[in-house]
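Engineer: So here's coords-v4.json (JSON, C-alpha atoms).
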```json
[["chain", "number", "residue", "atom", "x", "y", "z"],
["A", 244, "MET", "CA", 103.91, 79.63, 60.88],
["A", 245, "LYS", "CA", 107.14, 81.66, 60.62],
["A", 246, "LYS", "CA", 108.59, 83.27, 63.72],
["A", 247, "LEU", "CA", 110.28, 86.62, 64.21],
["A", 248, "GLU", "CA", 114.05, 86.38, 63.75],
["A", 249, "VAL", "CA", 117.19, 88.54, 63.99],
["A", 250, "ASP", "CA", 118.53, 89.57, 60.58],
["A", 251, "GLY", "CA", 122.05, 90.75, 59.81],
["A", 252, "PRO", "CA", 124.86, 92.26, 61.90],
["A", 253, "VAL", "CA", 124.59, 94.66, 64.83],
["A", 254, "MET", "CA", 124.29, 98.26, 63.63],
["A", 255, "MET", "CA", 124.99, 101.60, 65.31],
["A", 256, "LEU", "CA", 122.99, 104.76, 64.63],
["A", 257, "ARG", "CA", 125.10, 107.73, 63.46],
["A", 258, "ASN", "CA", 122.36, 110.36, 63.48],
["A", 259, "THR", "CA", 119.19, 111.10, 65.43],
["A", 260, "HIS", "CA", 116.14, 109.47, 63.86],
["A", 261, "GLU", "CA", 112.40, 109.62, 64.59],
["A", 262, "LEU", "CA", 111.29, 106.01, 64.48],
["A", 263, "ILE", "CA", 107.66, 106.81, 65.36],
["A", 264, "SER", "CA", 106.16, 110.15, 64.37],
["A", 265, "HIS", "CA", 102.49, 110.29, 65.37],
["A", 266, "LYS", "CA", 100.25, 113.14, 66.48],
["A", 267, "LYS", "CA", 100.22, 111.66, 69.97],
["A", 268, "ALA", "CA", 103.50, 109.74, 70.14],
["A", 269, "ILE", "CA", 107.11, 110.32, 69.11],
["A", 270, "LEU", "CA", 109.93, 107.80, 69.49],
["A", 271, "THR", "CA", 113.39, 109.19, 68.77],
["A", 272, "LEU", "CA", 116.58, 107.14, 68.55],
["A", 273, "GLU", "CA", 119.83, 109.01, 69.13],
["A", 274, "ARG", "CA", 123.43, 108.55, 68.03],
["A", 275, "GLY", "CA", 125.04, 105.58, 69.76],
["A", 276, "CYS", "CA", 121.89, 103.47, 69.77],
["A", 277, "ILE", "CA", 122.62, 99.92, 68.58],
["A", 278, "PHE", "CA", 120.15, 97.65, 66.85],
["A", 279, "VAL", "CA", 119.58, 94.53, 64.80],
["A", 280, "TYR", "CA", 116.98, 94.20, 62.09],
["A", 281, "LEU", "CA", 114.06, 91.83, 62.61],
["A", 282, "LYS", "CA", 112.90, 89.48, 59.89],
["A", 283, "HIS", "CA", 109.61, 87.66, 59.43],
["A", 284, "ASP", "CA", 108.92, 85.27, 56.55],
["A", 285, "GLY", "CA", 111.89, 86.67, 54.61],
["A", 286, "ASN", "CA", 110.99, 90.34, 55.06],
["A", 287, "ARG", "CA", 112.49, 92.94, 57.37],
["A", 288, "VAL", "CA", 109.71, 94.11, 59.67],
["A", 289, "GLY", "CA", 111.45, 96.18, 62.36],
["A", 290, "ILE", "CA", 114.36, 96.30, 64.80],
["A", 291, "ALA", "CA", 115.44, 95.33, 68.31],
["A", 292, "PHE", "CA", 117.33, 98.27, 69.82],
["A", 293, "ASP", "CA", 119.01, 99.57, 72.95],
["A", 294, "GLY", "CA", 120.73, 102.83, 73.73],
["A", 295, "PRO", "CA", 120.01, 106.55, 73.83],
["A", 296, "SER", "CA", 116.36, 107.08, 72.94],
["A", 297, "GLN", "CA", 113.35, 109.12, 73.93],
["A", 298, "LEU", "CA", 109.64, 108.28, 73.96],
["A", 299, "VAL", "CA", 106.99, 110.95, 74.45],
["A", 300, "VAL", "CA", 103.29, 110.06, 74.46],
["A", 301, "ASP", "CA", 100.51, 112.65, 74.63],
["A", 302, "ALA", "CA", 97.95, 110.32, 76.21],
["A", 303, "ILE", "CA", 95.41, 113.10, 76.74],
["A", 304, "ALA", "CA", 91.93, 113.49, 75.32],
["A", 305, "GLU", "CA", 89.07, 115.88, 76.04],
["A", 306, "THR", "CA", 85.67, 114.67, 77.23],
["A", 307, "GLU", "CA", 82.68, 116.58, 78.56],
["A", 308, "TYR", "CA", 83.96, 115.78, 82.05],
["A", 309, "GLY", "CA", 87.34, 117.33, 81.35],
["A", 310, "ALA", "CA", 90.67, 116.08, 80.09],
["A", 311, "VAL", "CA", 91.60, 112.44, 80.63],
["A", 312, "GLY", "CA", 95.01, 110.81, 80.61],
["A", 313, "GLU", "CA", 98.36, 112.54, 80.83],
["A", 314, "SER", "CA", 101.50, 113.24, 78.84],
["A", 315, "VAL", "CA", 104.24, 110.77, 79.71],
["A", 316, "LYS", "CA", 107.92, 110.52, 78.94],
["A", 317, "PRO", "CA", 109.04, 107.09, 80.14],
["A", 318, "CYS", "CA", 112.76, 106.37, 80.26],
["A", 319, "LEU", "CA", 113.28, 103.30, 78.10],
["A", 320, "LYS", "CA", 115.60, 100.68, 79.53],
["A", 321, "GLY", "CA", 117.01, 97.54, 77.95],
["A", 322, "ILE", "CA", 116.16, 96.04, 74.61],
["A", 323, "GLN", "CA", 113.01, 97.36, 72.95],
["A", 324, "LEU", "CA", 111.24, 95.70, 70.03],
["A", 325, "TYR", "CA", 109.87, 97.87, 67.23],
["A", 326, "LEU", "CA", 107.74, 96.60, 64.35],
["A", 327, "GLY", "CA", 107.17, 98.94, 61.43],
["A", 328, "VAL", "CA", 109.03, 100.98, 58.83],
["A", 329, "THR", "CA", 112.59, 101.89, 59.90],
["A", 330, "ARG", "CA", 114.46, 103.79, 57.12],
["A", 331, "LEU", "CA", 117.78, 103.49, 58.97],
["A", 332, "GLU", "CA", 120.00, 102.30, 56.13],
["A", 333, "ASN", "CA", 121.57, 105.72, 55.46],
["A", 334, "LYS", "CA", 121.85, 106.68, 59.12],
["A", 335, "SER", "CA", 123.71, 103.69, 60.51],
["A", 336, "GLU", "CA", 126.89, 101.68, 60.23],
["A", 337, "SER", "CA", 128.21, 98.37, 61.51],
["A", 338, "ALA", "CA", 128.63, 98.53, 65.27],
["A", 339, "SER", "CA", 132.00, 97.90, 66.88],
["A", 340, "GLU", "CA", 132.44, 95.69, 69.92],
["A", 341, "ASN", "CA", 133.02, 98.87, 71.92],
["A", 342, "ASP", "CA", 129.59, 100.20, 70.88],
["A", 343, "ALA", "CA", 127.99, 97.14, 72.47],
["A", 344, "ARG", "CA", 130.22, 97.28, 75.55],
["A", 345, "ALA", "CA", 129.28, 100.93, 76.11],
["A", 346, "LEU", "CA", 125.70, 99.74, 76.66],
["A", 347, "GLY", "CA", 126.60, 96.91, 79.00],
["A", 348, "TYR", "CA", 126.93, 94.04, 76.53],
["A", 349, "GLY", "CA", 130.14, 92.02, 76.48],
["A", 350, "SER", "CA", 130.12, 91.86, 72.68],
["A", 351, "ASN", "CA", 127.96, 92.24, 69.62],
["A", 352, "ASP", "CA", 127.12, 88.55, 69.86],
["A", 353, "ALA", "CA", 125.90, 89.10, 73.41],
["A", 354, "PHE", "CA", 123.53, 91.83, 72.18],
["A", 355, "VAL", "CA", 122.23, 89.54, 69.42],
["A", 356, "LYS", "CA", 121.63, 86.75, 71.95],
["A", 357, "ALA", "CA", 119.85, 89.15, 74.32],
["A", 358, "SER", "CA", 117.69, 90.36, 71.42],
["A", 359, "MET", "CA", 116.76, 86.80, 70.50],
["A", 360, "ASN", "CA", 115.78, 86.11, 74.12],
["A", 361, "LYS", "CA", 113.64, 89.26, 74.13],
["A", 362, "ILE", "CA", 111.89, 88.17, 70.93],
["A", 363, "GLN", "CA", 111.25, 84.72, 72.34],
["A", 364, "ASP", "CA", 109.84, 86.17, 75.54],
["A", 365, "GLN", "CA", 107.72, 88.96, 74.01],
["A", 366, "VAL", "CA", 106.62, 87.63, 70.65],
["A", 367, "ASN", "CA", 107.39, 84.06, 69.70],
["A", 368, "GLY", "CA", 107.13, 81.93, 72.83],
["A", 369, "ASP", "CA", 104.45, 79.28, 72.51],
["A", 370, "HIS", "CA", 102.42, 81.50, 70.17],
["A", 371, "ARG", "CA", 102.40, 81.94, 66.43],
["A", 372, "THR", "CA", 102.65, 85.44, 65.04],
["A", 373, "SER", "CA", 101.22, 86.75, 61.79],
["A", 374, "ILE", "CA", 102.77, 90.11, 60.95],
["A", 375, "GLU", "CA", 101.59, 92.57, 58.32],
["A", 376, "THR", "CA", 104.03, 95.37, 57.52],
["A", 377, "GLY", "CA", 103.33, 98.92, 56.46],
["A", 378, "LYS", "CA", 100.13, 99.31, 58.49],
["A", 379, "GLY", "CA", 101.38, 101.02, 61.62],
["A", 380, "SER", "CA", 104.06, 101.06, 64.29],
["A", 381, "ILE", "CA", 104.35, 98.85, 67.36],
["A", 382, "LEU", "CA", 106.72, 99.25, 70.30],
["A", 383, "LEU", "CA", 107.17, 96.54, 72.95],
["A", 384, "GLY", "CA", 109.50, 97.28, 75.82],
["A", 385, "LYS", "CA", 110.06, 98.39, 79.39],
["A", 386, "ASP", "CA", 110.97, 101.56, 81.23],
["A", 387, "SER", "CA", 113.56, 102.14, 83.94],
["A", 388, "ASP", "CA", 111.02, 101.08, 86.58],
["A", 389, "GLU", "CA", 110.47, 97.76, 84.81],
["A", 390, "LYS", "CA", 106.94, 98.79, 83.79],
["A", 391, "SER", "CA", 105.87, 97.21, 80.53],
["A", 392, "ILE", "CA", 105.25, 99.46, 77.53],
["A", 393, "ILE", "CA", 103.07, 98.60, 74.56],
["A", 394, "LEU", "CA", 102.49, 101.32, 71.97],
["A", 395, "VAL", "CA", 100.45, 100.84, 68.81],
["A", 396, "ALA", "CA", 100.27, 103.86, 66.51],
["A", 397, "LYS", "CA", 98.32, 103.84, 63.27],
["A", 398, "ASP", "CA", 97.66, 106.89, 61.12],
["A", 399, "ASP", "CA", 97.22, 110.03, 63.21],
["A", 400, "LYS", "CA", 93.82, 109.10, 64.62],
["A", 401, "GLU", "CA", 94.40, 105.73, 66.22],
["A", 402, "LEU", "CA", 96.65, 104.87, 69.13],
["A", 403, "VAL", "CA", 96.85, 102.35, 71.96],
["A", 404, "PHE", "CA", 99.30, 103.03, 74.80],
["A", 405, "ILE", "CA", 99.72, 100.64, 77.71],
["A", 406, "HIS", "CA", 102.16, 101.65, 80.44],
["A", 407, "GLY", "CA", 102.17, 99.32, 83.41],
["A", 408, "LYS", "CA", 98.53, 99.17, 84.57],
["A", 409, "ASN", "CA", 97.47, 102.28, 82.67],
["A", 410, "VAL", "CA", 95.64, 102.02, 79.35],
["A", 411, "PHE", "CA", 94.93, 104.81, 76.88],
["A", 412, "ALA", "CA", 93.20, 104.10, 73.56],
["A", 413, "VAL", "CA", 91.91, 106.42, 70.87],
["A", 414, "GLY", "CA", 89.94, 105.13, 67.89],
["A", 415, "ASP", "CA", 87.87, 106.87, 65.22],
["A", 416, "ASP", "CA", 84.89, 107.44, 67.52],
["A", 417, "ASN", "CA", 86.05, 106.16, 70.90],
["A", 418, "ILE", "CA", 88.30, 107.17, 73.76],
["A", 419, "VAL", "CA", 89.26, 104.94, 76.67],
["A", 420, "SER", "CA", 91.43, 105.96, 79.62],
["A", 421, "VAL", "CA", 92.09, 103.55, 82.49],
["A", 422, "ASP", "CA", 94.42, 104.70, 85.27],
["A", 423, "LYS", "CA", 94.52, 105.15, 89.04],
["A", 424, "SER", "CA", 92.03, 108.02, 88.81],
["A", 425, "GLY", "CA", 89.37, 105.76, 87.28],
["A", 426, "VAL", "CA", 87.86, 104.84, 83.93],
["A", 427, "ARG", "CA", 86.72, 107.44, 81.42],
["A", 428, "ILE", "CA", 85.13, 106.47, 78.12],
["A", 429, "ARG", "CA", 83.62, 108.13, 75.11],
["A", 430, "GLY", "CA", 81.44, 105.69, 73.19],
["A", 431, "LYS", "CA", 80.46, 105.67, 69.54],
["A", 432, "HIS", "CA", 77.30, 107.69, 70.22],
["A", 433, "GLY", "CA", 79.27, 110.50, 71.84],
["A", 434, "ARG", "CA", 78.28, 109.51, 75.37],
["A", 435, "ASP", "CA", 80.92, 110.20, 77.99],
["A", 436, "ILE", "CA", 81.15, 107.92, 81.01],
["A", 437, "ALA", "CA", 83.35, 108.46, 84.05],
["A", 438, "VAL", "CA", 83.90, 105.97, 86.86],
["A", 439, "THR", "CA", 85.94, 107.65, 89.60],
["A", 440, "LYS", "CA", 86.33, 107.61, 93.38],
["A", 441, "ASP", "CA", 83.50, 110.16, 93.49],
["A", 442, "GLY", "CA", 81.08, 107.81, 91.78],
["A", 443, "ILE", "CA", 79.76, 107.19, 88.27],
["A", 444, "VAL", "CA", 78.82, 109.96, 85.87],
["A", 445, "GLY", "CA", 76.90, 109.16, 82.70],
["A", 446, "LEU", "CA", 75.01, 106.15, 84.03],
["A", 447, "GLU", "CA", 72.78, 106.10, 80.97],
["A", 448, "GLY", "CA", 75.77, 104.99, 78.95],
["A", 449, "LEU", "CA", 77.13, 102.45, 81.42],
["A", 450, "ALA", "CA", 76.21, 99.52, 79.19],
["A", 451, "GLU", "CA", 78.61, 100.97, 76.61],
["A", 452, "ILE", "CA", 81.73, 100.46, 78.74],
["A", 453, "GLY", "CA", 82.65, 96.98, 77.51],
["A", 454, "PRO", "CA", 81.85, 97.54, 73.81],
["A", 455, "ALA", "CA", 83.51, 100.98, 73.82],
["A", 456, "ILE", "CA", 86.78, 99.60, 75.15],
["A", 457, "GLY", "CA", 86.69, 96.80, 72.60],
["A", 458, "ARG", "CA", 85.99, 99.20, 69.72],
["A", 459, "ALA", "CA", 88.63, 101.77, 70.69],
["A", 460, "VAL", "CA", 91.37, 99.17, 71.06],
["A", 461, "GLY", "CA", 90.15, 97.22, 68.03],
["A", 462, "GLU", "CA", 90.14, 100.28, 65.77],
["A", 463, "ALA", "CA", 93.69, 101.20, 66.69],
["A", 464, "MET", "CA", 94.86, 97.62, 66.10],
["A", 465, "ARG", "CA", 92.90, 97.03, 62.90],
["A", 466, "GLY", "CA", 95.22, 95.61, 60.26],
["A", 467, "LEU", "CA", 97.89, 94.74, 62.81],
["A", 468, "SER", "CA", 96.94, 91.09, 62.99],
["A", 469, "SER", "CA", 100.11, 90.16, 64.86],
["A", 470, "LEU", "CA", 98.71, 91.65, 68.03],
["A", 471, "GLY", "CA", 96.01, 89.05, 68.29],
["A", 472, "SER", "CA", 98.60, 86.45, 69.20],
["A", 473, "TRP", "CA", 100.26, 88.30, 72.04],
["A", 474, "THR", "CA", 99.11, 87.28, 75.51],
["A", 475, "SER", "CA", 100.36, 90.64, 76.81],
["A", 476, "LEU", "CA", 97.34, 92.24, 75.13],
["A", 477, "LYS", "CA", 94.74, 89.81, 76.40],
["A", 478, "SER", "CA", 94.32, 91.93, 79.51],
["A", 479, "VAL", "CA", 93.42, 94.90, 77.34],
["A", 480, "LYS", "CA", 90.78, 92.96, 75.46],
["A", 481, "ASN", "CA", 89.32, 91.91, 78.80],
["A", 482, "ALA", "CA", 89.61, 95.38, 80.33],
["A", 483, "GLN", "CA", 85.82, 95.71, 80.43],
["A", 484, "TYR", "CA", 85.84, 93.20, 83.29],
["A", 485, "ALA", "CA", 88.83, 94.57, 85.15],
["A", 486, "TYR", "CA", 87.06, 97.25, 87.15],
["A", 487, "ASP", "CA", 83.53, 96.02, 87.74],
["A", 488, "ASN", "CA", 83.83, 97.24, 91.34],
["A", 489, "VAL", "CA", 84.78, 100.89, 91.87],
["A", 490, "ASP", "CA", 86.55, 99.91, 95.09],
["A", 491, "ASP", "CA", 89.05, 97.88, 93.06],
["A", 492, "PHE", "CA", 90.87, 101.05, 91.99],
["A", 493, "ASP", "CA", 94.07, 102.12, 93.70],
["A", 494, "TRP", "CA", 92.69, 105.58, 94.41],
["A", 495, "ASP", "CA", 94.87, 108.49, 95.43],
["A", 496, "ASP", "CA", 94.22, 109.56, 99.02]]
```
Could you rewrite the structure in this file as C-alpha coordinates?

Structural biologist:
Amino acid sequence: MKKLEVDGPVMMLRNTHELISHKKAILTLERGCIFVYLKHDGNRVGIAFDGPSQLVVDAIAETEYGAVGESVKPCLKGIQLYLGVTRLENKSESASENDARALGYGSNDAFVKASMNKIQDQVNGDHRTSIETGKGSILLGKDSDEKSIILVAKDDKELVFIHGKNVFAVGDDNIVSVDKSGVRIRGKHGRDIAVTKDGIVGLEGLAEIGPAIGRAVGEAMRGLSSLGSWTSLKSVKNAQYAYDNVDDFDWDD
(Lines of atoms letter the chains of each structure in order from A and count residues from 1; the text may use other names and numbers.)
(Lines give C-alpha, C1' and ligand atoms only; values in the text may rest on other atoms or scores of the structure.)
Protein backbone atom coordinates (compact mmCIF):
# COMPACT_ATOMS: atom_id res chain seq x y z
CA MET A 1 0.00 0.00 0.00
CA LYS A 2 1.19 3.55 -0.78
CA LYS A 3 2.84 5.60 1.92
CA LEU A 4 2.57 9.30 2.73
CA GLU A 5 5.22 11.34 0.91
CA VAL A 6 6.50 14.92 0.64
CA ASP A 7 5.38 16.65 -2.56
CA GLY A 8 6.97 19.70 -4.15
CA PRO A 9 9.20 22.51 -2.86
CA VAL A 10 9.12 24.20 0.55
CA MET A 11 6.51 26.96 0.63
CA MET A 12 6.08 30.03 2.86
CA LEU A 13 2.70 31.42 3.89
CA ARG A 14 2.17 35.09 2.97
CA ASN A 15 -1.16 35.60 4.74
CA THR A 16 -2.94 34.27 7.81
CA HIS A 17 -5.04 31.21 7.02
CA GLU A 18 -7.50 29.10 9.05
CA LEU A 19 -6.51 25.54 8.29
CA ILE A 20 -9.14 24.02 10.60
CA SER A 21 -12.39 25.86 11.23
CA HIS A 22 -14.67 23.78 13.46
CA LYS A 23 -17.25 24.73 16.07
CA LYS A 24 -14.90 23.41 18.75
CA ALA A 25 -11.46 23.79 17.18
CA ILE A 26 -9.61 26.42 15.15
CA LEU A 27 -6.10 26.04 13.74
CA THR A 28 -4.64 29.22 12.28
CA LEU A 29 -1.38 29.44 10.35
CA GLU A 30 0.29 32.85 10.25
CA ARG A 31 2.64 34.63 7.86
CA GLY A 32 6.12 33.13 7.95
CA CYS A 33 4.92 29.57 8.47
CA ILE A 34 6.72 27.17 6.12
CA PHE A 35 5.29 23.94 4.79
CA VAL A 36 5.54 21.14 2.26
CA TYR A 37 2.57 19.42 0.68
CA LEU A 38 1.91 15.77 1.49
CA LYS A 39 1.03 13.28 -1.20
CA HIS A 40 -0.64 9.88 -0.96
CA ASP A 41 -1.25 7.63 -3.97
CA GLY A 42 -0.70 10.57 -6.34
CA ASN A 43 -3.02 12.98 -4.55
CA ARG A 44 -2.20 15.90 -2.27
CA VAL A 45 -3.76 15.15 1.10
CA GLY A 46 -2.33 17.76 3.47
CA ILE A 47 0.84 19.49 4.64
CA ALA A 48 3.74 19.25 7.08
CA PHE A 49 4.30 22.69 8.61
CA ASP A 50 6.29 24.63 11.17
CA GLY A 51 6.23 28.26 12.21
CA PRO A 52 3.84 30.83 13.65
CA SER A 53 0.51 29.14 14.30
CA GLN A 54 -2.26 28.98 16.85
CA LEU A 55 -4.50 26.12 17.95
CA VAL A 56 -7.57 26.70 20.11
CA VAL A 57 -9.79 23.79 21.17
CA ASP A 58 -13.06 24.24 23.07
CA ALA A 59 -12.99 20.81 24.70
CA ILE A 60 -16.02 21.54 26.90
CA ALA A 61 -19.40 19.84 26.99
CA GLU A 62 -22.37 20.07 29.34
CA THR A 63 -23.67 17.05 31.25
CA GLU A 64 -26.20 16.79 34.05
CA TYR A 65 -23.26 16.80 36.46
CA GLY A 66 -21.92 20.06 35.09
CA ALA A 67 -19.44 21.06 32.43
CA VAL A 68 -16.65 18.65 31.51
CA GLY A 69 -13.36 19.34 29.80
CA GLU A 70 -11.71 22.70 29.31
CA SER A 71 -10.71 25.18 26.64
CA VAL A 72 -7.06 24.77 25.71
CA LYS A 73 -4.61 26.76 23.64
CA PRO A 74 -1.49 24.61 23.30
CA CYS A 75 1.63 26.22 21.88
CA LEU A 76 2.59 24.12 18.87
CA LYS A 77 6.28 23.32 18.56
CA GLY A 78 8.18 21.66 15.73
CA ILE A 79 6.79 20.05 12.62
CA GLN A 80 3.07 19.31 12.66
CA LEU A 81 1.29 17.02 10.21
CA TYR A 82 -2.10 18.04 8.85
CA LEU A 83 -4.32 15.85 6.69
CA GLY A 84 -7.27 17.49 4.98
CA VAL A 85 -8.16 20.31 2.61
CA THR A 86 -5.55 23.12 2.56
CA ARG A 87 -6.45 25.83 -0.02
CA LEU A 88 -3.04 27.49 0.35
CA GLU A 89 -2.12 27.93 -3.31
CA ASN A 90 -3.04 31.63 -3.47
CA LYS A 91 -1.65 32.46 -0.03
CA SER A 92 1.87 31.10 -0.33
CA GLU A 93 5.08 31.36 -2.30
CA SER A 94 8.32 29.43 -2.61
CA ALA A 95 10.27 29.69 0.63
CA SER A 96 13.78 31.11 0.67
CA GLU A 97 16.63 29.51 2.57
CA ASN A 98 16.34 32.35 5.07
CA ASP A 99 12.69 31.43 5.76
CA ALA A 100 13.83 27.98 6.84
CA ARG A 101 16.79 29.31 8.82
CA ALA A 102 14.49 31.69 10.72
CA LEU A 103 12.76 28.60 12.13
CA GLY A 104 15.94 26.77 13.06
CA TYR A 105 16.52 24.73 9.92
CA GLY A 106 19.85 24.99 8.14
CA SER A 107 18.17 24.96 4.73
CA ASN A 108 15.01 24.09 2.89
CA ASP A 109 16.40 20.61 2.32
CA ALA A 110 16.87 20.23 6.07
CA PHE A 111 13.19 21.07 6.62
CA VAL A 112 12.14 18.53 3.96
CA LYS A 113 14.29 15.86 5.60
CA ALA A 114 12.87 16.67 9.04
CA SER A 115 9.34 16.46 7.59
CA MET A 116 10.08 13.07 6.06
CA ASN A 117 11.38 11.82 9.42
CA LYS A 118 8.22 13.10 11.12
CA ILE A 119 6.04 11.30 8.57
CA GLN A 120 7.99 8.09 9.05
CA ASP A 121 7.69 8.33 12.82
CA GLN A 122 4.03 9.38 13.03
CA VAL A 123 2.36 7.76 10.05
CA ASN A 124 4.32 5.36 7.88
CA GLY A 125 6.65 3.39 10.13
CA ASP A 126 5.91 -0.31 10.03
CA HIS A 127 2.23 0.35 9.32
CA ARG A 128 0.27 0.80 6.14
CA THR A 129 -1.98 3.82 5.84
CA SER A 130 -5.18 4.14 3.85
CA ILE A 131 -6.17 7.78 3.54
CA GLU A 132 -9.49 9.16 2.33
CA THR A 133 -9.52 12.88 1.58
CA GLY A 134 -12.33 15.36 1.93
CA LYS A 135 -13.92 13.73 4.98
CA GLY A 136 -12.45 15.75 7.82
CA SER A 137 -9.30 17.28 9.24
CA ILE A 138 -6.54 15.58 11.22
CA LEU A 139 -3.68 17.21 13.10
CA LEU A 140 -0.75 15.21 14.50
CA GLY A 141 1.88 17.09 16.43
CA LYS A 142 3.36 18.22 19.73
CA ASP A 143 3.24 21.25 21.96
CA SER A 144 6.07 23.17 23.62
CA ASP A 145 5.99 20.74 26.56
CA GLU A 146 6.48 17.78 24.20
CA LYS A 147 2.92 16.57 24.86
CA SER A 148 1.45 14.75 21.88
CA ILE A 149 -1.53 16.29 20.10
CA ILE A 150 -4.04 14.41 17.99
CA LEU A 151 -7.04 16.34 16.69
CA VAL A 152 -9.72 14.84 14.48
CA ALA A 153 -12.46 17.24 13.38
CA LYS A 154 -15.36 16.18 11.19
CA ASP A 155 -18.38 18.31 10.41
CA ASP A 156 -19.36 20.53 13.34
CA LYS A 157 -20.69 17.73 15.53
CA GLU A 158 -17.81 15.31 15.75
CA LEU A 159 -14.40 15.85 17.29
CA VAL A 160 -11.66 13.85 18.99
CA PHE A 161 -8.93 15.76 20.84
CA ILE A 162 -6.06 13.99 22.58
CA HIS A 163 -3.56 16.16 24.43
CA GLY A 164 -0.99 14.19 26.37
CA LYS A 165 -3.02 11.89 28.66
CA ASN A 166 -6.25 13.84 28.26
CA VAL A 167 -8.97 12.65 25.88
CA PHE A 168 -12.06 14.56 24.76
CA ALA A 169 -14.47 13.06 22.23
CA VAL A 170 -17.84 14.26 20.97
CA GLY A 171 -19.97 12.14 18.66
CA ASP A 172 -23.59 12.41 17.53
CA ASP A 173 -24.99 11.05 20.80
CA ASN A 174 -21.94 10.60 23.01
CA ILE A 175 -19.51 12.65 25.04
CA VAL A 176 -16.33 11.33 26.63
CA SER A 177 -13.93 13.34 28.77
CA VAL A 178 -10.89 11.70 30.39
CA ASP A 179 -8.52 13.92 32.36
CA LYS A 180 -6.94 14.23 35.80
CA SER A 181 -10.32 15.08 37.32
CA GLY A 182 -11.79 11.74 36.25
CA VAL A 183 -13.96 10.21 33.55
CA ARG A 184 -17.27 11.71 32.48
CA ILE A 185 -19.44 10.09 29.84
CA ARG A 186 -22.78 10.63 28.19
CA GLY A 187 -23.99 7.43 26.55
CA LYS A 188 -26.37 6.95 23.65
CA HIS A 189 -29.38 6.70 25.97
CA GLY A 190 -28.65 10.08 27.53
CA ARG A 191 -27.24 8.59 30.73
CA ASP A 192 -24.47 10.62 32.31
CA ILE A 193 -21.75 8.82 34.24
CA ALA A 194 -19.03 10.47 36.31
CA VAL A 195 -16.06 8.69 37.89
CA THR A 196 -14.18 11.17 40.08
CA LYS A 197 -12.14 11.26 43.29
CA ASP A 198 -15.45 11.65 45.14
CA GLY A 199 -16.80 8.37 43.80
CA ILE A 200 -19.04 7.21 40.97
CA VAL A 201 -22.25 8.96 39.99
CA GLY A 202 -24.69 7.28 37.62
CA LEU A 203 -23.91 3.69 38.59
CA GLU A 204 -26.91 2.43 36.66
CA GLY A 205 -25.09 3.36 33.47
CA LEU A 206 -21.68 2.03 34.44
CA ALA A 207 -21.87 -0.81 31.92
CA GLU A 208 -22.05 1.85 29.21
CA ILE A 209 -18.54 3.21 29.84
CA GLY A 210 -16.66 0.99 27.40
CA PRO A 211 -19.23 1.07 24.56
CA ALA A 212 -19.79 4.82 24.99
CA ILE A 213 -16.09 5.60 24.60
CA GLY A 214 -15.90 3.37 21.55
CA ARG A 215 -18.95 4.98 19.95
CA ALA A 216 -17.91 8.58 20.62
CA VAL A 217 -14.42 8.08 19.22
CA GLY A 218 -15.71 5.88 16.39
CA GLU A 219 -18.31 8.41 15.28
CA ALA A 220 -15.79 11.22 15.10
CA MET A 221 -13.38 9.04 13.12
CA ARG A 222 -15.97 7.50 10.80
CA GLY A 223 -14.77 7.80 7.21
CA LEU A 224 -11.22 8.60 8.28
CA SER A 225 -9.95 5.08 7.70
CA SER A 226 -6.32 6.14 7.96
CA LEU A 227 -6.64 6.43 11.71
CA GLY A 228 -7.15 2.73 12.15
CA SER A 229 -3.52 2.13 11.27
CA TRP A 230 -1.96 4.51 13.74
CA THR A 231 -0.67 2.91 16.93
CA SER A 232 -0.89 6.31 18.62
CA LEU A 233 -4.67 5.89 18.68
CA LYS A 234 -4.73 2.35 20.02
CA SER A 235 -4.68 3.72 23.55
CA VAL A 236 -7.86 5.65 22.81
CA LYS A 237 -9.65 2.58 21.51
CA ASN A 238 -8.63 0.78 24.69
CA ALA A 239 -9.50 3.71 26.96
CA GLN A 240 -12.37 1.74 28.49
CA TYR A 241 -9.76 -0.36 30.29
CA ALA A 242 -7.44 2.45 31.28
CA TYR A 243 -9.18 3.51 34.47
CA ASP A 244 -10.83 0.42 35.89
CA ASN A 245 -9.58 1.47 39.33
CA VAL A 246 -10.52 4.97 40.53
CA ASP A 247 -7.25 5.11 42.48
CA ASP A 248 -5.34 5.01 39.19
CA PHE A 249 -6.13 8.68 38.52
CA ASP A 250 -3.57 11.38 39.22
CA TRP A 251 -6.01 13.34 41.35
CA ASP A 252 -5.46 16.94 42.33
CA ASP A 253 -4.83 17.31 46.05

Engineer: Hey, which of A:Asp422, A:Asp364, A:Glu336, A:Glu401 ends up closest to Pro252 (chain A)? Count only C-alpha atoms.

Structural biologist: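 The shortest atom-to-atom distance to Pro252 (chain A) comes from A:Glu336.
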
Engineer: Extract, using only C-alpha atoms, all DNA, RNA and protein residues at most 6 Å from region 270-277 of chain A, discarding same-chain residues fewer than 4 positions from it, and format them as a list in words.

Structural biologist: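 Once the adjacent positions are removed, what remains is Met254, Met255, Leu256, Arg257, Asn258, Thr259, His260, Glu261, Leu262, Ile263, Phe292, Asp293, Gly294, Pro295, Ser296, Gln297 and Leu298 of chain A.
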
Engineer: With distances taken over all atoms listed in the file, which residue among A:Val328, A:Ala345, A:Ala304, A:Ile362 lies nearest Val413 (chain A)?

Structural biologist: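 The shortest atom-to-atom distance to Val413 (chain A) comes from A:Ala304.
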
Engineer: Could you tell me which of A:Val410, A:Ile269, A:Val421, A:Val279 comes closest to Phe354 (chain A) if we count all atoms listed in the file?

Structural biologist: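 Comparing A:Val410, A:Ile269, A:Val421, A:Val279 against Phe354 (chain A), the winner is A:Val279.
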
Engineer: Can you measure CA of Gly312 (chain A) to CA of Gln365 (chain A) for me? One decimal in Å is fine.

Structural biologist: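 Separating CA of Gly312 (chain A) from CA of Gln365 (chain A) is a distance of 26.1 Å.
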
Engineer: A:Arg330, A:Lys385, A:His406, A:Arg427: which is nearest Tyr280 (chain A), counting all atoms listed in the file?

Structural biologist: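 Smallest separation from Tyr280 (chain A) among the options: A:Arg330.
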
Engineer: Go through A:Val426, A:Gly347, A:Pro317, A:Asn367 one by one, measure the shortest atom-to-atom distance of each to Gly407 (chain A) using only C-alpha atoms, and give the residue with the smallest value.

Structural biologist: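 Smallest separation from Gly407 (chain A) among the options: A:Pro317.
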
Engineer: Please measure the separation of CA of Val403 (chain A) and CA of Ala302 (chain A), giving the value in Å to one decimal.

Structural biologist: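 Going from CA of Val403 (chain A) over to CA of Ala302 (chain A), I get 9.1 Å.
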
Engineer: Measuring between all atoms listed in the file, which one of A:Leu247, A:Ile322, A:Lys282, A:Val300 shows the shortest distance to Glu389 (chain A)?

Structural biologist: A:Ile322

Engineer: Write out as a PDB file with C-alpha atoms, in the coordinates of the input the residues lying within 9 Å of Asn341 (chain A), counting all atoms listed in the file and excluding same-chain residues fewer than 5 positions away.

Structural biologist:
```pdb
ATOM      1  CA  LEU A 346     125.700  99.740  76.660  1.00  0.00           C
ATOM      2  CA  GLY A 349     130.140  92.020  76.480  1.00  0.00           C
ATOM      3  CA  SER A 350     130.120  91.860  72.680  1.00  0.00           C
ATOM      4  CA  ASN A 351     127.960  92.240  69.620  1.00  0.00           C
TER       5      ASN A 351
END
```

Engineer: What does the distance from CA of Lys390 (chain A) to CA of Val288 (chain A) come to in Å, to one decimal?

Structural biologist: 24.7 Å
